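A short worksheet on the structure shown next.
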Amino acid sequence: MYVPTGLFSLVLLTVALGAQALTPSHHLSLSDVARLQALLSQPFTDLASAYYSIVGLSKLGASVADENDACHFLKAQLDPMSVDSLFFAAEASQAISDCEIPVSNETRDILLAAVSEDSTVTQIFRAVSALSSLGLPLASQEVVGALVARIAKEDNVLAITTALQTATRLSQQADFGGILEEIEDLAARLDDLGGVYLQFEEGLEATALFVTAAYTLSDHVDTEPPLKEDQVIQLVNSVFSKKSWQSLSEAFSVACAAAALSNNRFQVPVIVSAQGPATVSHNQPILQLLVTDVLSNPLASASVVVESAQAVVSKNVILTQCIILSTCFDSGIFELNFMTSQPASGYYQFSVAITGDTRLVASQVELKVKVSTEVAITNMDLSVVDKDQSIGTKTSRLGRKAHGPTHYHQNFAMTFQLVDVNTGVELTPHQTFVRLHNHKTGQEVVFVAEPDSKNLYKFELDIAERKSEFDSMSGTYTLHLIVGDATLENPILWNVADIVLKFLDEEAPAAIQSKTLYMPKPDIQHLFREPEKKPPTVVSNAFTALVLSPFLLLLILWFKLGANISNFSLSPSAVLFHVGHACMLGLMYVYWTHLNMFQTLKYLAIIGSLTFLAGNRMLAQKAVKREKV
Amino acid sequence: LECTMDAFLCLTSAYFPKWRRGHQTYKRTLVLLDNLNIRDTHSIFFRSLADRGFDLSFKTADDPSLSLIKYGQFLYDHLIIFSPSVEDFGGNINVETITSFIDGGGNVLVAAGSDIGDPLRELGSECGIEFDEEKTAVIDHHHYDVSDPGEHTLIVADPENLLKAPTIVGNPSDKPILFKGVGMVADPDNPLVLDILTGSSTSYSYFPDRPISQYPHAVGKNTLLIAGLQARNNARVVFSGSLYFFSDAFFNSAVQKATPGSQRYAQTGNMELAEALSQWVFKEAGVLRVGAVTHHPVGESTPPAAYTITDLVEYSVVIEKLSKGSWVPFDGKDIQLEFVRIDPFVRTYLKKNGDKYSVQFKLPDVYGVFQFKVDYNRLGYTHLYSSTQVSVRPLQHTQYDRFIPSAFPYYASVFSMMGGLFVFSIVFLHMKEKEKSD
């Protein structure tokens, strides 16, 4: 929460790069250069890495940490029989002071033998470079012949670029013939990407090496390279757009291209940017422009002319023909006190020309300059409007700090004005929003406040009409006023008041599906059916006794009548019949508790047949006995 | 049954050899660029993908040889669209084929910008995300970076505005995120859209160079800077409103809000967030699978042909998570098991037990065909679903209570009758009448 507490009186001036004319959109900033140097300063692993590091650093104007160590490394790793090894060592030693590679006749013969039509272009280049670095004589015209023959065979970008690089090591008096025209041919093979980038499809390394070779060779033979201004800028964009280099050789090629582009005799792309942070306070209402080459080195010889300054919206021309002087010759910073022209806040289009050096490319620059100001809220009124009775509105003028809970049932209105602190002019900033934030649910509803013809902002909230936007959620809402604009230095986020909104027909908040989609669902416990309620056991026990009583009665009555079993003879058939009978009755019980019908019938068949036979025999015996009597 | 299953697998694998290949090979990625220079300006992001084993094919978006599907098969597993301004894709690619690519399970990462073209806006609409118009930008006058070029569109997004889902956005960090691009809003009717990164309350999306004449497309926290979607087939899509978000420049840049007194961070959180997002969207993170499912009555080890109502049952399931290319046991605390017959009858949490998740519960006293169902759908993870069908039958007639206290009179009458019959038969057969002997 931000509560403006006083008048601010700062005017801001901001610089932005425009994009109308084709200007370089990428270059190596100071931090990029530092990272490139750090990458190139890695410990050497072999001769090739030593070559990339030492030569790459020298191109950036730096040098290896310990030159003696580096020199020892080169001598120790040198294989005097290998062209590659000789090339790496010879080239690297050139970049180190007091480091001489010993040369024998044998070495010279190997190098000279490599310069022939049978070697690849790379071999020729390495041999020629090694020969020239070691100060050995070579026949330039022969080399040119070998190169031309090889190019006819190896017609690819890298080979031709390497041939161009080889040519830079030859005598200026040599007849380069068709080789110089290869620059133009190669330039025609560059791919144009969206009119911003120009590169070979072989990659960044090929593009960077081509740039290096083209400028070095042009310098060497003192003819202007056949590249148009737009092409140069597009090449700059594609070589320097990559800020994280994957390999030493890639970093090396970028360093070489940067050195070639910032230091040659024909075309030096110029980078114009705002110095330091893009915002400048009123205390220093000065537009500072930094004019450098692609390596962020200041261009001391340049001078800067602002040709015109035009307001972007109103098209009013503010400045014409005003020369900015360099304040410090080493820093490359050019200053202009733009506030003396008393511009209104907004954007201004500057046409800037960099002069003082004929080599400069992209010297016509369009800049977008921002003039910022400060805003203040005045005449803030908050009022309750009763819809039913048009009279009786309650209005309260709010001071800047005042806020407190107020109840609103129907609707309320807010009016305010926004003025420029410095000039007192009414402003209509880009963002004038009223935000209502529900404390409980975190929901926020934002409305746009719009000014009337007198630039008086009026915001009305009809609660009944807007209930859908609030989901009809009653509660305490924080009322914020948000004012912001790109040309305002003090964006305002003012907690105006806490208000309580009441919706008459409040609905239950609808469950939001997305919130519950990924949540665990509620547990479910199965509700088992309740067992039926049973009558008390006393009753069933009493009836059990009642049911058993006839059997007891039978036994008692039999006893009284003198029932007996005196006729029982202990014959096997009688015993077996009664035991079988008991077993059948027992089987009925087991059937009830344990067995199924089929098991029971099986057992019953066994027991039953035995019992039948025993019973038959017993009854026969009894009949015989009775007849005897 | 197993034999036929094996035969079926062999048959299908002959037709779809891709199914049998290891997970590592699912990394063929097509990268569509506005121009090939983006490969250089976004090299850190692409290198991190290449280092993680992705096979990246870079093409310009209007390359006439583009093709996603050949002979009914997808040529790529993932698609990166880093071409905001494309007006017409080349070759066979259009919004329809990209949508069917997503329907077929392909994952897509889209980065847009203020120069967004119609195809990307259409693709967004298909996925429930509405991009703002061309040339609009997300503006925030309260949270812009000190290096903002002047229109307050270089936004510093607080990490608090990130979705609270570490599988998607990585481990929490306090590094702010730099953003410059177009705003989005989520379709409120699409519950699958994830608000991965939202703007602050003071942000809005509009034309930076025109006064506000109508209500902005996106305002406040509704402004989506990065949005995601996991479709019902687990295909993942991430939309970033900013292509710069993935650039080397934003990865390596320092960040500080322009408000006086703001803290300066030496590096943005973009690189970590971009890496986490790419791991999520290309299914390296947040992928779950179901392993062995077992269920049996407590005290036994094999499932019966049919369970009986009110049985005490133990269910266990193995759930695994993909981590750095291999499957490891998943550690989740809120996995639920449902026992379902049309509606769930029981829903209970599974407890982790060694490598397995298991629970014991009593079957309901309702019979029918049920399913053990694990339906685990959590933010950032693939939808995990496993169902196992079992039948539950009622008690057999022998399984009821034999002696109910209330029915004792009936039992007693039967047993007394049986006892009476036995005693009577003895007495009847063997009684000697006294009168006759006397």
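Lettering and numbering for the structure tokens are positional, with chains as A, B, ... in the shown order, residues counted from 1 in each chain, and ligands counted from 1 in the shown order.
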| Residues near range 308-316 of chain A, cut-off 10 Å, only C-alpha atoms, skip fewer than 3 positions along chain, as a ChimeraX atom specification | /A:305,319-322,338,343-353,366-371 /B:209-210
| Could you write out, as a PyMOL selection string, all the residues of range 101-230 of chain B that DSSP marks as helix (DSSP H, G or I)? | chain B and resi 101-103+118-126+159-161+166-169+220-222
| message | Taking only C-alpha atoms into account and nothing else, which residues of chain A lie no more than 6 Å away from chain B? Please answer as a list of chain:residue names. | response |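 Putting it all together, I get A:Ala16, A:Leu193, A:Ser241, A:Lys242, A:His430, A:Gly484, A:Ala486, A:Ser514, A:Tyr518, A:Asp523, A:Ile524, A:Gln525, A:His526, A:Ser540, A:Phe543, A:Thr544, A:Val547, A:Asn564, A:Ile565, A:Ser566, A:Asn567, A:Phe568.
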Print the selection's residues with N, CA, C and O atoms to a file, as a PDB file, in the first residue's frame.
ATOM      1  N   ALA A  16      14.741   6.151 -24.739  1.00  0.00           N
ATOM      2  CA  ALA A  16      14.479   4.813 -25.248  1.00  0.00           C
ATOM      3  C   ALA A  16      14.927   4.743 -26.684  1.00  0.00           C
ATOM      4  O   ALA A  16      14.848   5.708 -27.426  1.00  0.00           O
ATOM      5  N   LEU A 193      17.269 -12.789 -42.344  1.00  0.00           N
ATOM      6  CA  LEU A 193      16.241 -13.267 -41.428  1.00  0.00           C
ATOM      7  C   LEU A 193      15.407 -12.089 -40.950  1.00  0.00           C
ATOM      8  O   LEU A 193      15.845 -11.311 -40.108  1.00  0.00           O
ATOM      9  N   SER A 241      24.143 -11.186 -31.413  1.00  0.00           N
ATOM     10  CA  SER A 241      22.898 -11.496 -30.730  1.00  0.00           C
ATOM     11  C   SER A 241      23.087 -12.648 -29.750  1.00  0.00           C
ATOM     12  O   SER A 241      22.383 -12.749 -28.762  1.00  0.00           O
ATOM     13  N   LYS A 242      24.020 -13.511 -30.023  1.00  0.00           N
ATOM     14  CA  LYS A 242      24.252 -14.635 -29.114  1.00  0.00           C
ATOM     15  C   LYS A 242      25.170 -14.188 -27.991  1.00  0.00           C
ATOM     16  O   LYS A 242      26.274 -13.711 -28.238  1.00  0.00           O
ATOM     17  N   HIS A 430      -2.566   6.779 -18.387  1.00  0.00           N
ATOM     18  CA  HIS A 430      -2.987   5.548 -19.070  1.00  0.00           C
ATOM     19  C   HIS A 430      -3.829   4.679 -18.147  1.00  0.00           C
ATOM     20  O   HIS A 430      -4.896   4.201 -18.502  1.00  0.00           O
ATOM     21  N   GLY A 484      -1.343   5.127 -12.909  1.00  0.00           N
ATOM     22  CA  GLY A 484      -0.015   4.853 -13.435  1.00  0.00           C
ATOM     23  C   GLY A 484       0.075   5.240 -14.890  1.00  0.00           C
ATOM     24  O   GLY A 484      -0.915   5.262 -15.619  1.00  0.00           O
ATOM     25  N   ALA A 486       3.365   5.461 -18.150  1.00  0.00           N
ATOM     26  CA  ALA A 486       4.797   5.320 -18.429  1.00  0.00           C
ATOM     27  C   ALA A 486       5.524   6.643 -18.233  1.00  0.00           C
ATOM     28  O   ALA A 486       6.719   6.669 -17.970  1.00  0.00           O
ATOM     29  N   SER A 514     -12.405 -25.671 -10.553  1.00  0.00           N
ATOM     30  CA  SER A 514     -10.970 -25.830 -10.687  1.00  0.00           C
ATOM     31  C   SER A 514     -10.286 -25.927  -9.322  1.00  0.00           C
ATOM     32  O   SER A 514      -9.235 -26.506  -9.202  1.00  0.00           O
ATOM     33  N   TYR A 518      -8.359 -30.778  -8.032  1.00  0.00           N
ATOM     34  CA  TYR A 518      -7.113 -31.414  -7.644  1.00  0.00           C
ATOM     35  C   TYR A 518      -7.028 -31.678  -6.150  1.00  0.00           C
ATOM     36  O   TYR A 518      -5.966 -31.895  -5.620  1.00  0.00           O
ATOM     37  N   ASP A 523     -13.939 -38.292   2.712  1.00  0.00           N
ATOM     38  CA  ASP A 523     -14.012 -39.717   3.039  1.00  0.00           C
ATOM     39  C   ASP A 523     -15.449 -40.199   3.029  1.00  0.00           C
ATOM     40  O   ASP A 523     -16.362 -39.444   3.359  1.00  0.00           O
ATOM     41  N   ILE A 524     -15.646 -41.445   2.655  1.00  0.00           N
ATOM     42  CA  ILE A 524     -16.984 -42.041   2.762  1.00  0.00           C
ATOM     43  C   ILE A 524     -16.850 -43.307   3.598  1.00  0.00           C
ATOM     44  O   ILE A 524     -16.027 -44.175   3.288  1.00  0.00           O
ATOM     45  N   GLN A 525     -17.625 -43.396   4.680  1.00  0.00           N
ATOM     46  CA  GLN A 525     -17.699 -44.627   5.462  1.00  0.00           C
ATOM     47  C   GLN A 525     -19.021 -45.280   5.120  1.00  0.00           C
ATOM     48  O   GLN A 525     -20.048 -44.621   5.120  1.00  0.00           O
ATOM     49  N   HIS A 526     -18.986 -46.583   4.817  1.00  0.00           N
ATOM     50  CA  HIS A 526     -20.262 -47.218   4.490  1.00  0.00           C
ATOM     51  C   HIS A 526     -21.103 -47.368   5.753  1.00  0.00           C
ATOM     52  O   HIS A 526     -20.600 -47.752   6.807  1.00  0.00           O
ATOM     53  N   SER A 540     -38.433 -65.384  25.139  1.00  0.00           N
ATOM     54  CA  SER A 540     -38.141 -66.602  24.383  1.00  0.00           C
ATOM     55  C   SER A 540     -37.746 -67.729  25.334  1.00  0.00           C
ATOM     56  O   SER A 540     -38.105 -68.889  25.102  1.00  0.00           O
ATOM     57  N   PHE A 543     -40.853 -69.182  26.799  1.00  0.00           N
ATOM     58  CA  PHE A 543     -41.584 -70.035  25.855  1.00  0.00           C
ATOM     59  C   PHE A 543     -40.823 -71.328  25.585  1.00  0.00           C
ATOM     60  O   PHE A 543     -41.413 -72.371  25.344  1.00  0.00           O
ATOM     61  N   THR A 544     -39.490 -71.250  25.645  1.00  0.00           N
ATOM     62  CA  THR A 544     -38.681 -72.459  25.482  1.00  0.00           C
ATOM     63  C   THR A 544     -39.059 -73.463  26.570  1.00  0.00           C
ATOM     64  O   THR A 544     -39.296 -74.658  26.291  1.00  0.00           O
ATOM     65  N   VAL A 547     -42.365 -74.906  25.883  1.00  0.00           N
ATOM     66  CA  VAL A 547     -42.367 -75.873  24.792  1.00  0.00           C
ATOM     67  C   VAL A 547     -41.794 -77.199  25.267  1.00  0.00           C
ATOM     68  O   VAL A 547     -42.229 -78.274  24.843  1.00  0.00           O
ATOM     69  N   ASN A 564     -41.927 -99.100  31.235  1.00  0.00           N
ATOM     70  CA  ASN A 564     -40.623 -99.744  31.413  1.00  0.00           C
ATOM     71  C   ASN A 564     -40.115-100.249  30.069  1.00  0.00           C
ATOM     72  O   ASN A 564     -40.830-100.206  29.065  1.00  0.00           O
ATOM     73  N   ILE A 565     -38.891-100.760  30.120  1.00  0.00           N
ATOM     74  CA  ILE A 565     -38.323-101.364  28.909  1.00  0.00           C
ATOM     75  C   ILE A 565     -37.798-102.751  29.254  1.00  0.00           C
ATOM     76  O   ILE A 565     -36.731-103.175  28.807  1.00  0.00           O
ATOM     77  N   SER A 566     -38.534-103.456  30.056  1.00  0.00           N
ATOM     78  CA  SER A 566     -38.084-104.763  30.542  1.00  0.00           C
ATOM     79  C   SER A 566     -37.984-105.774  29.408  1.00  0.00           C
ATOM     80  O   SER A 566     -37.235-106.747  29.495  1.00  0.00           O
ATOM     81  N   ASN A 567     -38.743-105.573  28.356  1.00  0.00           N
ATOM     82  CA  ASN A 567     -38.704-106.511  27.238  1.00  0.00           C
ATOM     83  C   ASN A 567     -37.457-106.388  26.388  1.00  0.00           C
ATOM     84  O   ASN A 567     -37.261-107.127  25.445  1.00  0.00           O
ATOM     85  N   PHE A 568     -36.629-105.405  26.718  1.00  0.00           N
ATOM     86  CA  PHE A 568     -35.438-105.136  25.890  1.00  0.00           C
ATOM     87  C   PHE A 568     -34.440-106.261  25.996  1.00  0.00           C
ATOM     88  O   PHE A 568     -34.027-106.610  27.095  1.00  0.00           O
TER      89      PHE A 568
END
| request: Could you tell me how far CA of Ser200 in chain B lies from CA of His439 in chain A, in Å and to one decimal? | output: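 Atom-to-atom, CA of Ser200 in chain B to CA of His439 in chain A, that is 16.5 Å.
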| field | All residues 9 Å or closer to Glu67 in chain A, only C-alpha atoms, same chain fewer than 5 positions away omitted, as a ChimeraX atom specification | value | /A:72,96-99
| query | Got a sec: who's within 8 Å of Ala213 in chain A, counting only C-alpha atoms, leaving out chain neighbours fewer than 2 positions off, as a ChimeraX atom specification? | reply | /A:161-162,164-165,168,209-211,215-217
Since we have the selection now, will you write its residues out, keeping all heavy atoms, as a CSV table (one decimal), in the first residue's frame?
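Below is the file selection-v1.csv, written as the result:
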chain,number,residue,atom,x,y,z
A,161,THR,N,35.9,-18.5,-47.0
A,161,THR,CA,36.2,-17.5,-45.9
A,161,THR,C,37.7,-17.8,-45.5
A,161,THR,O,38.5,-16.8,-45.3
A,161,THR,CB,35.3,-17.7,-44.7
A,161,THR,OG1,34.0,-17.7,-45.1
A,161,THR,CG2,35.6,-16.6,-43.7
A,162,THR,N,38.1,-19.0,-45.4
A,162,THR,CA,39.5,-19.3,-45.1
A,162,THR,C,40.4,-18.8,-46.1
A,162,THR,O,41.5,-18.3,-45.9
A,162,THR,CB,39.6,-20.9,-44.9
A,162,THR,OG1,38.6,-21.3,-44.1
A,162,THR,CG2,41.0,-21.2,-44.2
A,164,LEU,N,39.9,-16.3,-48.0
A,164,LEU,CA,40.0,-14.8,-47.9
A,164,LEU,C,41.0,-14.5,-46.7
A,164,LEU,O,41.8,-13.5,-46.9
A,164,LEU,CB,38.6,-14.2,-47.5
A,164,LEU,CG,37.6,-14.3,-48.6
A,164,LEU,CD1,36.2,-13.7,-48.1
A,164,LEU,CD2,38.0,-13.5,-49.8
A,165,GLN,N,40.9,-15.3,-45.7
A,165,GLN,CA,41.8,-15.0,-44.5
A,165,GLN,C,43.3,-15.2,-45.0
A,165,GLN,O,44.2,-14.5,-44.6
A,165,GLN,CB,41.5,-15.9,-43.4
A,165,GLN,CG,40.3,-15.4,-42.6
A,165,GLN,CD,40.0,-16.4,-41.4
A,165,GLN,OE1,39.7,-17.5,-41.7
A,165,GLN,NE2,40.0,-15.9,-40.2
A,168,THR,N,44.9,-12.3,-46.7
A,168,THR,CA,45.3,-11.2,-45.9
A,168,THR,C,46.8,-11.4,-45.5
A,168,THR,O,47.4,-10.4,-45.1
A,168,THR,CB,44.5,-11.1,-44.6
A,168,THR,OG1,44.7,-12.3,-43.9
A,168,THR,CG2,43.0,-10.9,-45.0
A,209,LEU,N,33.6,-15.2,-38.8
A,209,LEU,CA,34.8,-15.3,-39.5
A,209,LEU,C,34.8,-14.6,-40.9
A,209,LEU,O,35.8,-14.0,-41.3
A,209,LEU,CB,35.2,-16.8,-39.7
A,209,LEU,CG,35.7,-17.5,-38.4
A,209,LEU,CD1,36.0,-19.0,-38.7
A,209,LEU,CD2,36.9,-16.8,-37.8
A,210,PHE,N,33.6,-14.7,-41.5
A,210,PHE,CA,33.5,-14.0,-42.8
A,210,PHE,C,33.6,-12.5,-42.6
A,210,PHE,O,34.4,-11.8,-43.3
A,210,PHE,CB,32.1,-14.3,-43.4
A,210,PHE,CG,31.7,-13.3,-44.5
A,210,PHE,CD1,32.4,-13.3,-45.7
A,210,PHE,CD2,30.7,-12.3,-44.3
A,210,PHE,CE1,32.1,-12.4,-46.7
A,210,PHE,CE2,30.4,-11.4,-45.3
A,210,PHE,CZ,31.1,-11.5,-46.5
A,211,VAL,N,33.0,-11.9,-41.5
A,211,VAL,CA,33.1,-10.5,-41.2
A,211,VAL,C,34.6,-10.1,-41.0
A,211,VAL,O,35.1,-9.2,-41.5
A,211,VAL,CB,32.3,-10.1,-40.0
A,211,VAL,CG1,32.5,-8.7,-39.5
A,211,VAL,CG2,30.8,-10.3,-40.3
A,215,TYR,N,36.8,-7.7,-43.6
A,215,TYR,CA,37.4,-6.4,-43.3
A,215,TYR,C,38.9,-6.4,-43.2
A,215,TYR,O,39.5,-5.4,-43.6
A,215,TYR,CB,36.8,-5.9,-41.9
A,215,TYR,CG,35.4,-5.3,-42.1
A,215,TYR,CD1,34.3,-6.0,-41.7
A,215,TYR,CD2,35.2,-4.1,-42.7
A,215,TYR,CE1,33.0,-5.5,-41.9
A,215,TYR,CE2,34.0,-3.5,-42.9
A,215,TYR,CZ,32.9,-4.3,-42.5
A,215,TYR,OH,31.7,-3.7,-42.7
A,216,THR,N,39.4,-7.5,-42.8
A,216,THR,CA,40.9,-7.6,-42.7
A,216,THR,C,41.5,-7.5,-44.1
A,216,THR,O,42.4,-6.8,-44.4
A,216,THR,CB,41.4,-8.9,-42.0
A,216,THR,OG1,40.5,-9.2,-41.0
A,216,THR,CG2,42.7,-8.7,-41.5
A,217,LEU,N,40.8,-8.2,-45.0
A,217,LEU,CA,41.3,-8.3,-46.4
A,217,LEU,C,41.1,-6.9,-47.1
A,217,LEU,O,42.0,-6.4,-47.8
A,217,LEU,CB,40.6,-9.3,-47.2
A,217,LEU,CG,41.1,-9.6,-48.6
A,217,LEU,CD1,42.6,-9.9,-48.6
A,217,LEU,CD2,40.3,-10.7,-49.3
| said: If we count only C-alpha atoms and set the cut-off at 7 Å, which residues sit around Tyr357 in chain B, ignoring sequence neighbours fewer than 6 positions away in its own chain? Please answer as a list in words. | reply: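 So, after excluding close chain neighbours, the residues are Ser316, Val317, Val318, Leu350 and Lys351 of chain B.
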| request: Can you pull out every residue within 7 Å of Ile286 in chain A, counting only C-alpha atoms, but drop anything in the same chain fewer than 6 positions away, and send it as a ChimeraX atom specification? | output: /A:335-338
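Taking CA of Glu126 in chain B and CA of Gly170 in chain B as endpoints, the distance between them is 26.8 Å.
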Need to verify the contact set: Leu277 in chain B, 8 Å, only C-alpha atoms, exclusion of same-chain residues closer than 5 positions in sequence. Can you return it as a PDB file with N, CA, C and O atoms, in the first residue's frame?
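Ended up saving to result_0.pdb:
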ATOM      1  N   ILE B 168       5.606 -28.228 -11.130  1.00  0.00           N
ATOM      2  CA  ILE B 168       5.513 -27.426 -12.349  1.00  0.00           C
ATOM      3  C   ILE B 168       6.540 -26.307 -12.344  1.00  0.00           C
ATOM      4  O   ILE B 168       7.248 -26.101 -13.323  1.00  0.00           O
ATOM      5  N   VAL B 169       6.640 -25.569 -11.235  1.00  0.00           N
ATOM      6  CA  VAL B 169       7.463 -24.357 -11.243  1.00  0.00           C
ATOM      7  C   VAL B 169       8.794 -24.545 -10.525  1.00  0.00           C
ATOM      8  O   VAL B 169       9.571 -23.612 -10.408  1.00  0.00           O
ATOM      9  N   GLY B 170       9.072 -25.746 -10.049  1.00  0.00           N
ATOM     10  CA  GLY B 170      10.344 -25.978  -9.385  1.00  0.00           C
ATOM     11  C   GLY B 170      10.295 -25.550  -7.926  1.00  0.00           C
ATOM     12  O   GLY B 170       9.261 -25.121  -7.411  1.00  0.00           O
ATOM     13  N   VAL B 238       2.116 -25.616 -22.411  1.00  0.00           N
ATOM     14  CA  VAL B 238       2.451 -24.412 -21.644  1.00  0.00           C
ATOM     15  C   VAL B 238       2.476 -23.232 -22.609  1.00  0.00           C
ATOM     16  O   VAL B 238       3.070 -23.319 -23.681  1.00  0.00           O
TER      17      VAL B 238
END
| query | Residues of range 121-353 of chain B in strand (DSSP E or B) according to DSSP, as a VMD selection string? | reply | chain B and resid 129 to 131 137 to 139 144 to 145 155 to 157 162 177 to 179 184 to 186 193 to 198 204 to 206 218 to 219 224 to 230 236 to 240 255 to 257 264 to 265 288 to 297 307 to 308 312 to 323 326 to 329 336 to 341 343 to 349 351 to 353
| request: Would you work out the distance separating CA of Ala188 in chain A from CA of Asn237 in chain A, expressed in Å to one decimal? | output: 17.3 Å
